[in-house]
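Coordinates as given in protein21.csv (CSV, C-alpha atoms):
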chain,number,residue,atom,x,y,z
F,1,MET,CA,-7.7,40.5,-2.8
F,2,ARG,CA,-9.2,37.6,-4.6
F,3,LYS,CA,-5.8,36.8,-6.2
F,4,THR,CA,-4.1,36.8,-2.8
F,5,LEU,CA,-6.7,34.6,-1.3
F,6,ILE,CA,-6.4,32.0,-4.1
F,7,TRP,CA,-2.7,31.8,-3.8
F,8,ALA,CA,-2.8,31.8,0.0
F,9,ALA,CA,-5.3,28.9,-0.1
F,10,LEU,CA,-3.2,26.9,-2.5
F,11,GLY,CA,-0.1,27.7,-0.3
F,12,VAL,CA,-1.8,26.2,2.7
F,13,ALA,CA,-3.1,23.2,0.8
F,14,VAL,CA,0.4,22.5,-0.4
F,15,ALA,CA,2.5,23.5,2.6
F,16,LEU,CA,0.4,22.0,5.4
F,17,PRO,CA,0.5,18.3,4.3
F,18,LEU,CA,4.2,18.6,3.4
F,19,ALA,CA,5.1,20.2,6.8
F,20,LEU,CA,3.1,17.7,8.8
F,21,SER,CA,4.6,14.8,6.9
F,22,LEU,CA,8.1,16.2,7.7
F,23,ASN,CA,7.2,16.1,11.4
F,24,SER,CA,6.0,12.5,11.3
F,25,PRO,CA,7.1,10.4,14.3
F,26,LEU,CA,7.9,7.6,11.8
F,27,LEU,CA,10.9,9.7,10.5
F,28,ALA,CA,12.9,9.0,13.6
F,29,TRP,CA,13.1,5.3,12.6
F,30,ARG,CA,13.9,5.8,8.9
F,31,ASP,CA,17.1,6.5,7.1
F,32,PRO,CA,17.4,9.4,4.7
F,33,VAL,CA,16.7,7.5,1.5
F,34,TYR,CA,13.4,6.1,3.0
F,35,ILE,CA,12.5,9.6,4.2
F,36,LEU,CA,13.1,11.0,0.7
F,37,ALA,CA,10.9,8.2,-0.7
F,38,GLY,CA,7.9,9.3,1.5
F,39,LEU,CA,8.5,13.0,0.8
F,40,ALA,CA,8.6,12.4,-3.0
F,41,GLY,CA,5.2,10.7,-2.7
F,42,VAL,CA,3.7,13.7,-0.8
F,43,VAL,CA,5.2,16.1,-3.4
F,44,ALA,CA,3.7,14.0,-6.2
F,45,MET,CA,0.3,14.2,-4.5
F,46,VAL,CA,0.6,18.0,-4.1
F,47,LEU,CA,1.5,18.3,-7.8
F,48,LEU,CA,-1.7,16.4,-8.7
F,49,LEU,CA,-3.6,19.3,-7.1
F,50,VAL,CA,-1.6,21.9,-9.0
F,51,GLN,CA,-2.0,20.3,-12.4
F,52,PRO,CA,-5.8,20.7,-13.0
F,53,LEU,CA,-5.6,24.3,-11.6
F,54,LEU,CA,-3.0,25.2,-14.2
F,55,VAL,CA,-4.9,23.6,-17.0
F,56,ALA,CA,-8.1,25.4,-16.1
F,57,GLY,CA,-6.2,28.7,-15.7
F,58,SER,CA,-7.6,29.1,-12.2
F,59,LEU,CA,-4.4,30.4,-10.7
F,60,PRO,CA,-4.1,34.2,-11.0
F,61,GLY,CA,-1.2,35.3,-13.2
F,62,LEU,CA,-1.1,31.8,-14.7
F,63,SER,CA,-4.0,31.7,-17.0
F,64,GLY,CA,-4.2,30.7,-20.7
F,65,LEU,CA,-1.0,29.7,-22.4
F,66,ARG,CA,1.1,30.6,-19.5
F,67,GLY,CA,-0.8,28.1,-17.3
F,68,ARG,CA,-0.4,25.4,-19.9
F,69,HIS,CA,3.3,26.1,-20.1
F,70,VAL,CA,3.8,25.7,-16.3
F,71,HIS,CA,1.5,22.7,-16.5
F,72,ARG,CA,4.1,21.0,-18.7
F,73,TRP,CA,6.9,21.7,-16.3
F,74,ALA,CA,4.8,20.7,-13.3
F,75,GLY,CA,4.0,17.5,-15.2
F,76,LEU,CA,7.7,16.8,-15.6
F,77,GLY,CA,8.1,17.4,-11.9
F,78,LEU,CA,5.3,15.0,-11.2
F,79,VAL,CA,6.9,12.2,-13.3
F,80,LEU,CA,10.2,12.8,-11.6
F,81,ALA,CA,8.6,12.8,-8.1
F,82,VAL,CA,6.9,9.5,-8.8
F,83,ALA,CA,10.2,8.1,-10.2
F,84,ALA,CA,12.1,9.3,-7.1
F,85,HIS,CA,9.4,7.8,-4.8
F,86,VAL,CA,9.7,4.3,-6.4
F,87,VAL,CA,13.5,4.4,-6.8
F,88,ALA,CA,14.1,5.5,-3.2
F,89,LEU,CA,11.7,2.8,-1.9
F,90,TRP,CA,13.6,0.3,-4.1
F,91,VAL,CA,16.9,1.3,-2.4
F,92,THR,CA,15.2,0.9,1.0
F,93,SER,CA,13.8,-2.6,0.4
F,94,PRO,CA,14.4,-4.1,-3.1
F,95,PRO,CA,12.3,-7.2,-2.7
F,96,ASP,CA,9.2,-5.3,-1.5
F,97,VAL,CA,9.4,-3.0,-4.6
F,98,VAL,CA,10.0,-5.9,-7.0
F,99,ASP,CA,6.8,-7.6,-5.5
F,100,VAL,CA,4.9,-4.4,-6.0
F,101,LEU,CA,6.0,-3.9,-9.6
F,102,LEU,CA,5.2,-7.6,-10.4
F,103,PHE,CA,1.7,-7.2,-8.8
F,104,THR,CA,2.6,-10.0,-6.3
F,105,SER,CA,2.7,-7.7,-3.2
F,106,PRO,CA,0.7,-8.7,-0.2
F,107,THR,CA,-0.4,-5.1,0.3
F,108,PRO,CA,-3.4,-4.0,-1.9
F,109,PHE,CA,-2.6,-0.3,-1.6
F,110,SER,CA,0.6,-0.9,-3.6
F,111,ILE,CA,-1.4,-2.1,-6.6
F,112,TRP,CA,-3.3,1.2,-6.7
F,113,GLY,CA,0.1,2.9,-6.5
F,114,VAL,CA,1.5,1.0,-9.5
F,115,VAL,CA,-1.5,1.7,-11.6
F,116,ALA,CA,-1.2,5.4,-10.7
F,117,MET,CA,2.5,5.3,-11.6
F,118,TRP,CA,2.0,3.9,-15.0
F,119,ALA,CA,-0.9,6.3,-15.6
F,120,VAL,CA,1.2,9.3,-14.7
F,121,PHE,CA,4.0,8.0,-17.0
F,122,ALA,CA,1.6,7.5,-19.8
F,123,ALA,CA,0.0,10.9,-19.4
F,124,GLY,CA,3.5,12.4,-19.3
F,125,CYS,CA,4.7,10.5,-22.4
F,126,LEU,CA,1.6,11.6,-24.3
F,127,ALA,CA,2.4,15.2,-23.5
F,128,TRP,CA,6.1,14.9,-24.3
F,129,LEU,CA,5.4,13.2,-27.7
F,130,ARG,CA,2.4,15.3,-28.6
F,131,ASN,CA,4.0,16.8,-31.7
F,132,LYS,CA,5.6,13.6,-32.9
F,133,LEU,CA,2.5,11.5,-32.4
F,134,ARG,CA,0.3,13.7,-34.6
F,135,LEU,CA,-2.9,12.4,-33.0
F,136,ARG,CA,-6.1,14.2,-33.6
F,137,PRO,CA,-6.4,16.7,-30.8
F,138,ARG,CA,-9.7,15.2,-29.7
F,139,LEU,CA,-8.1,11.7,-29.4
F,140,TRP,CA,-5.1,13.1,-27.7
F,141,ARG,CA,-7.2,14.8,-25.1
F,142,ARG,CA,-9.4,11.7,-24.6
F,143,LEU,CA,-6.2,9.6,-23.9
F,144,HIS,CA,-4.7,12.3,-21.6
F,145,VAL,CA,-7.9,12.7,-19.6
F,146,THR,CA,-8.2,8.9,-19.3
F,147,PHE,CA,-4.7,8.4,-18.0
F,148,VAL,CA,-5.1,11.4,-15.6
F,149,SER,CA,-8.3,9.9,-14.2
F,150,ALA,CA,-6.6,6.6,-13.5
F,151,ALA,CA,-3.6,8.5,-11.9
F,152,ILE,CA,-5.9,10.5,-9.6
F,153,ILE,CA,-8.1,7.6,-8.5
F,154,GLY,CA,-5.0,5.3,-8.1
F,155,SER,CA,-3.1,7.9,-6.1
F,156,VAL,CA,-5.9,8.8,-3.8
F,157,VAL,CA,-6.8,5.2,-2.9
F,158,HIS,CA,-3.1,4.4,-2.6
F,159,ALA,CA,-2.5,7.2,-0.2
F,160,MET,CA,-5.6,6.6,1.9
F,161,LEU,CA,-4.9,2.9,2.5
F,162,ILE,CA,-1.3,3.6,3.6
F,163,GLU,CA,0.0,4.1,7.1
F,164,GLY,CA,2.9,6.4,6.3
F,165,THR,CA,4.4,9.7,7.2
F,166,MET,CA,1.4,11.8,6.1
F,167,GLU,CA,-0.8,13.0,9.0
F,168,MET,CA,-4.3,11.5,8.7
F,169,VAL,CA,-6.5,14.6,8.6
F,170,SER,CA,-4.3,16.6,6.2
F,171,LYS,CA,-3.9,13.6,4.0
F,172,THR,CA,-7.7,13.0,3.8
F,173,VAL,CA,-8.3,16.7,3.1
F,174,LEU,CA,-5.6,16.9,0.4
F,175,CYS,CA,-6.9,13.7,-1.3
F,176,ALA,CA,-10.5,15.1,-1.2
F,177,ILE,CA,-9.3,18.5,-2.6
F,178,VAL,CA,-7.4,16.7,-5.4
F,179,ALA,CA,-10.4,14.7,-6.3
F,180,ILE,CA,-12.9,17.6,-6.2
F,181,VAL,CA,-10.7,20.1,-8.0
F,182,THR,CA,-10.0,17.5,-10.8
F,183,LEU,CA,-13.7,16.7,-11.2
F,184,ARG,CA,-14.5,20.4,-11.2
F,185,VAL,CA,-12.0,21.1,-13.9
F,186,PHE,CA,-13.2,18.2,-15.9
F,187,VAL,CA,-16.7,19.5,-15.7
F,188,GLY,CA,-15.6,23.1,-16.6
F,189,LEU,CA,-13.7,21.8,-19.7
F,190,LYS,CA,-16.7,19.5,-20.5
F,191,VAL,CA,-14.4,16.5,-20.9
F,192,TRP,CA,-17.3,14.1,-21.1
F,193,ALA,CA,-18.0,15.6,-24.6
F,194,LEU,CA,-14.8,13.9,-25.7
F,195,PHE,CA,-16.3,10.5,-25.1
F,196,VAL,CA,-19.6,10.9,-26.9
F,197,PRO,CA,-19.7,10.5,-30.7
F,198,GLN,CA,-19.4,13.8,-32.6
F,199,ARG,CA,-22.3,14.9,-34.7
F,200,ARG,CA,-21.4,15.2,-38.4
U,1,MET,CA,-53.3,-8.5,-6.9
U,2,LYS,CA,-52.5,-11.2,-4.5
U,3,THR,CA,-49.1,-11.1,-3.0
U,4,SER,CA,-47.5,-14.1,-1.5
U,5,PRO,CA,-46.3,-13.8,2.2
U,6,VAL,CA,-43.0,-15.1,0.9
U,7,SER,CA,-41.3,-12.5,-1.3
U,8,ARG,CA,-38.9,-13.6,-4.1
U,9,ARG,CA,-36.1,-11.9,-2.2
U,10,SER,CA,-36.6,-13.8,1.1
U,11,LEU,CA,-37.1,-17.1,-0.8
U,12,LEU,CA,-33.8,-16.6,-2.6
U,13,ALA,CA,-32.0,-15.6,0.6
U,14,THR,CA,-33.4,-18.6,2.5
U,15,GLY,CA,-32.6,-20.9,-0.3
U,16,GLY,CA,-29.1,-19.5,-0.6
U,17,ALA,CA,-28.6,-19.9,3.2
U,18,PHE,CA,-29.7,-23.6,3.0
U,19,ALA,CA,-27.3,-24.1,0.0
U,20,VAL,CA,-24.4,-22.7,1.9
U,21,THR,CA,-25.1,-24.7,5.1
U,22,ALA,CA,-25.5,-27.9,3.1
U,23,SER,CA,-22.2,-27.4,1.2
U,24,SER,CA,-20.2,-26.4,4.2
U,25,GLY,CA,-21.7,-29.4,6.1
U,26,VAL,CA,-20.3,-31.6,3.4
U,27,LEU,CA,-16.9,-30.0,3.5
U,28,LEU,CA,-16.4,-30.0,7.3
U,29,PRO,CA,-15.7,-33.7,8.0
U,30,ALA,CA,-12.9,-33.7,5.4
U,31,ARG,CA,-11.2,-30.8,7.2
U,32,ALA,CA,-11.5,-32.4,10.6
U,33,GLN,CA,-9.3,-35.3,9.5
U,34,GLY,CA,-6.1,-33.3,9.9
U,35,VAL,CA,-4.5,-29.9,10.7
U,36,ALA,CA,-3.6,-28.3,7.4
U,37,PRO,CA,0.0,-27.0,7.0
U,38,THR,CA,0.4,-23.2,7.1
U,39,PRO,CA,1.2,-21.9,3.6
U,40,SER,CA,3.9,-19.2,3.2
U,41,MET,CA,2.5,-15.7,2.9
U,42,ARG,CA,3.2,-13.3,0.0
U,43,GLY,CA,6.3,-11.2,0.7
U,44,GLY,CA,7.1,-13.3,3.8
U,45,SER,CA,10.7,-13.9,2.8
U,46,ASN,CA,11.5,-10.3,2.0
U,47,ASN,CA,14.8,-9.1,3.6
U,48,TYR,CA,15.4,-12.6,5.0
U,49,LEU,CA,18.9,-13.2,6.3
U,50,PRO,CA,19.4,-16.9,6.7
U,51,GLY,CA,20.8,-18.2,10.0
U,52,ALA,CA,19.7,-15.6,12.4
U,53,PRO,CA,21.3,-16.3,15.8
U,54,ILE,CA,19.3,-17.6,18.8
U,55,VAL,CA,19.1,-14.6,21.1
U,56,GLU,CA,17.6,-13.8,24.5
U,57,ARG,CA,16.0,-10.7,23.0
U,58,ILE,CA,16.4,-8.6,19.9
U,59,GLY,CA,17.9,-5.2,20.8
U,60,GLY,CA,16.3,-3.4,23.7
U,61,GLY,CA,13.0,-5.2,23.6
U,62,GLY,CA,9.5,-3.8,24.6
U,63,PHE,CA,7.5,-5.8,22.0
U,64,TRP,CA,6.6,-9.4,22.1
U,65,MET,CA,6.4,-11.8,19.2
U,66,SER,CA,4.8,-15.1,20.1
U,67,GLY,CA,3.1,-18.1,18.6
U,68,THR,CA,2.9,-21.8,18.4
U,69,VAL,CA,4.4,-24.5,16.2
U,70,ARG,CA,2.5,-27.7,15.5
U,71,ARG,CA,2.9,-30.7,13.1
U,72,ALA,CA,0.5,-30.9,10.2
U,73,GLY,CA,-2.0,-33.7,10.3
U,74,ASP,CA,-2.2,-34.7,14.0
U,75,GLY,CA,-1.5,-31.2,15.3
U,76,THR,CA,1.2,-32.3,17.8
U,77,PRO,CA,3.1,-29.4,19.4
U,78,LEU,CA,6.7,-29.3,18.2
U,79,GLU,CA,9.5,-28.7,20.8
U,80,GLY,CA,12.9,-27.2,20.0
U,81,GLN,CA,12.0,-25.7,16.6
U,82,ARG,CA,13.9,-22.6,15.6
U,83,ILE,CA,11.8,-19.6,14.5
U,84,GLN,CA,13.6,-16.7,12.9
U,85,ILE,CA,12.1,-13.2,13.4
U,86,TRP,CA,12.7,-9.8,11.8
U,87,ALA,CA,10.9,-6.5,11.3
U,88,HIS,CA,11.3,-2.8,10.8
U,89,THR,CA,11.5,-1.5,14.4
U,90,THR,CA,12.4,1.5,16.4
U,91,GLU,CA,15.9,0.2,16.3
U,92,GLY,CA,16.5,-0.6,12.6
U,93,HIS,CA,15.3,-1.5,9.1
U,94,GLU,CA,14.3,-5.0,8.1
U,95,ARG,CA,17.6,-5.5,6.2
U,96,ASP,CA,19.8,-4.6,9.2
U,97,PRO,CA,21.3,-7.7,10.7
U,98,HIS,CA,20.6,-6.4,14.2
U,99,SER,CA,16.9,-6.4,13.4
U,100,HIS,CA,17.1,-10.3,13.1
U,101,GLY,CA,17.0,-12.9,15.8
U,102,ALA,CA,15.7,-16.4,16.5
U,103,THR,CA,14.2,-18.4,19.3
U,104,LEU,CA,13.3,-22.1,20.1
U,105,THR,CA,9.9,-23.5,20.9
U,106,ASN,CA,9.2,-25.0,24.4
U,107,ALA,CA,7.7,-28.4,25.2
U,108,LYS,CA,4.2,-27.1,24.4
U,109,GLY,CA,5.3,-25.9,21.0
U,110,GLU,CA,5.2,-22.2,22.0
U,111,PHE,CA,7.7,-19.5,21.3
U,112,ARG,CA,8.0,-16.0,22.6
U,113,LEU,CA,10.8,-13.5,21.8
U,114,GLU,CA,11.1,-9.9,23.0
U,115,MET,CA,12.2,-7.3,20.3
U,116,PRO,CA,12.0,-3.6,19.7
U,117,GLN,CA,8.6,-2.0,18.9
U,118,ILE,CA,7.6,-2.7,15.3
U,119,VAL,CA,6.8,0.5,13.4
U,120,PRO,CA,4.9,0.9,10.1
U,121,ALA,CA,7.1,0.3,7.1
U,122,PHE,CA,6.0,0.1,3.4
U,123,GLY,CA,2.6,1.2,4.5
U,124,GLN,CA,1.8,-1.4,7.2
U,125,ALA,CA,3.1,-2.4,10.6
U,126,HIS,CA,4.1,-6.0,10.0
U,127,GLY,CA,6.6,-8.6,11.2
U,128,HIS,CA,8.4,-11.5,9.4
U,129,LEU,CA,8.8,-15.0,10.7
U,130,ALA,CA,10.5,-18.0,9.2
U,131,TYR,CA,10.8,-21.7,9.8
U,132,ASP,CA,13.8,-22.7,7.7
U,133,ASP,CA,15.4,-25.9,9.0
U,134,ASP,CA,15.6,-29.5,7.6
U,135,ALA,CA,12.9,-31.5,9.4
U,136,PHE,CA,9.9,-29.7,7.9
U,137,GLU,CA,9.1,-27.7,4.8
U,138,THR,CA,10.1,-24.0,4.9
U,139,VAL,CA,7.4,-21.5,5.8
U,140,PHE,CA,7.7,-17.7,5.7
U,141,LEU,CA,5.0,-15.6,7.4
U,142,ARG,CA,4.3,-11.9,7.2
U,143,PRO,CA,1.6,-11.1,9.8
U,144,VAL,CA,0.1,-7.6,9.9
U,145,MET,CA,-0.6,-5.8,13.2
U,146,ALA,CA,-4.2,-4.8,13.7
U,147,SER,CA,-3.0,-1.5,15.0
U,148,SER,CA,0.5,0.0,14.8
U,149,SER,CA,0.3,0.8,18.6
U,150,ASP,CA,0.0,-2.9,19.5
U,151,THR,CA,2.9,-4.1,21.6
U,152,SER,CA,2.6,-7.8,20.7
U,153,LEU,CA,1.9,-10.0,17.7
U,154,SER,CA,1.0,-13.7,17.6
U,155,VAL,CA,1.2,-16.1,14.8
U,156,ASP,CA,0.9,-19.9,14.5
U,157,PHE,CA,2.9,-22.4,12.4
U,158,VAL,CA,1.6,-25.8,11.3
U,159,LEU,CA,4.6,-27.5,9.6
U,160,ASN,CA,4.6,-30.2,7.0
U,161,PRO,CA,7.2,-33.0,7.5
U,162,VAL,CA,9.7,-33.2,4.6
Write out the structure in this file as C-alpha cells.
Amino acid sequence: MRKTLIWAALGVAVALPLALSLNSPLLAWRDPVYILAGLAGVVAMVLLLVQPLLVAGSLPGLSGLRGRHVHRWAGLGLVLAVAAHVVALWVTSPPDVVDVLLFTSPTPFSIWGVVAMWAVFAAGCLAWLRNKLRLRPRLWRRLHVTFVSAAIIGSVVHAMLIEGTMEMVSKTVLCAIVAIVTLRVFVGLKVWALFVPQRR
Amino acid sequence: MKTSPVSRRSLLATGGAFAVTASSGVLLPARAQGVAPTPSMRGGSNNYLPGAPIVERIGGGGFWMSGTVRRAGDGTPLEGQRIQIWAHTTEGHERDPHSHGATLTNAKGEFRLEMPQIVPAFGQAHGHLAYDDDAFETVFLRPVMASSSDTSLSVDFVLNPV
C-alpha cells in the first residue's frame, strides 16, 4: 500500500506538470523545435525531483545500490535534457541564446538558467569521472553536493521567473517539491557534516 | 538611563534623506539642459532583418505598437522617421520575415502600427523596434510588456544626430 502510494504520488508530481505544459496555449504559436526546447526544460526539472529520491533510496524497489545505479542514468538523462533545452532554443533564436551564454542577456532569469546548466554539467562530469579523478570520497561528495545545490537553486529561480509553457500552479508546486525534497535528503544524509572540519 | 527623543536610526534616516535631496538637487539643472538620447537596449537587435518594408499593418493586426520620436537636446518631434518593428506574435516567430514591418512618424513625431498579438517568447512578452537610417545614430529597443495580455505597447525614441 505504502509502496503504491509513493509511486502514485511521484507519478502525479511528474506527469501533471508535463501534461499541463503540453496543453499550454503558447504551443499554438511555436514551431516544433521551440516546443521541444520548452518540453526538455520541464523534463529536466522533473528529473531534478527524481534524483535526490534515488540517492536517498526513498523509492520502493530502488533502494541502496539499485537506486544509485538508476541515479547515474537519470543524471545522464538530466544532462541530455538540459543540453537539448539549450540547443533547441539556440536553433529557435541563435542571438538570444548567444546573449544568454555570454551573460549579456536583458533577461535576469536566463542568468540563473546558465548557472544551473553549468552546475548540472559539473555535477555530471564529476560523476562520470569519479573513478579517474581519484578524489577522496569526502571531497568528491562535497563538490557534488555544492554543484547540485547551485543547480537546484538556479533551476528553481530560472523557472519561476519565466513566462513559458509551464502552468503557473503546477510549476510553483513542482519547484517547491524539488526544493523541499532536496533539502530533506541533504538533511537525511547529513551533508552539512561534509563541510565542517573532521576531528582527528 | 536618559534616552534622546531622536534615535540613532531616525537621525541616520533623516540625514540620509537630506543627503539624497541635496545631491539630486545639484544634478537636476544639468539634466534640464537637454533631452538625453535613448540608448539601445540589450538584445534589442536580436533577429533584426534590415530594411523592413513600410506597411499599413503587419499581418492580421489586433495589437498596437506606438510611440514618439524626438531629437536629442531640444526634444523637437521628428516627422517622417522610419521605425522598424518585429516580435514573436500569434502569426510567427521573430526571425520570420512576415513578422517584420515599418512605419513613419507623423508631424507630431508619433508612430502607430497595428500588428498581430505579441505572445511570450524566451520567457517574456516583448517587442523589438529599430531606428536604422542615416540622419541619426542607430537605436535598437526591446520593450517588455507589463502583462502578456496587454494589447498595446508604447515606446519613445530620442535620437542623436549623426
### Message
I want to know what sits within 8 Å of range 73-90 of chain U, based on only C-alpha atoms, with residues of the same chain fewer than 5 positions away left out; could you give that as an MDAnalysis selection string?
### Response
(chainID F and resid 29) or (chainID U and resid 33:37 48 51:52 68 99:111 116:121 126:133 158)
### Task
For range 25-28 of chain F, work out the shell of residues within 8 Å, counting only C-alpha atoms and skipping chain neighbours fewer than 3 positions away, then give it as a list in words.
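With the cut-off at 8 Å, the set is Leu22, Asp31, Ile35, Gly164 and Thr165 of chain F; Val119 and Pro120 of chain U.
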### Task
For Trp73 in chain F, work out the shell of residues within 12 Å, counting all atoms listed in the file and skipping chain neighbours fewer than 2 positions away, then give it as an MDAnalysis selection string.
chainID F and resid 47 50:51 54:55 66:71 75:80 124 127:128
### Query
Could you state the separation of CA of Trp192 in chain F and CA of Ile180 in chain F in Å, given to one decimal place?
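CA of Ile180 in chain F lies 15.9 Å from CA of Trp192 in chain F.
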### Query
Which residues of chain F are close to chain U, meaning at most 9 Å apart when you count all atoms listed in the file, and how do they look as number ranges by chain?
F: 26, 28-31, 89, 92-96, 99, 104-107, 109-110, 161-164
## Note on the structure
Taken to one decimal, the CA of Arg130 in chain F-CA of Arg184 in chain F distance is 24.8 Å
### Query
Which of these residues is nearest to Val120 in chain F, using all atoms listed in the file: F:Ala56, F:Leu48, F:Met1, F:Met168?
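With all atoms listed in the file as the atom set, the closest residue is F:Leu48.
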### Message
Considering all atoms listed in the file, can you say which of F:Ala81, F:Val14, F:Leu139, F:Ala37 comes closest to Gln198 in chain F?
### Response
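Between F:Ala81, F:Val14, F:Leu139, F:Ala37, the residue approaching Gln198 in chain F most closely is F:Leu139.
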### Query
By how many Å are CA of Val187 in chain F and CA of Leu59 in chain F apart?
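Computed distance, CA of Val187 in chain F to CA of Leu59 in chain F, equals 17.2 Å.
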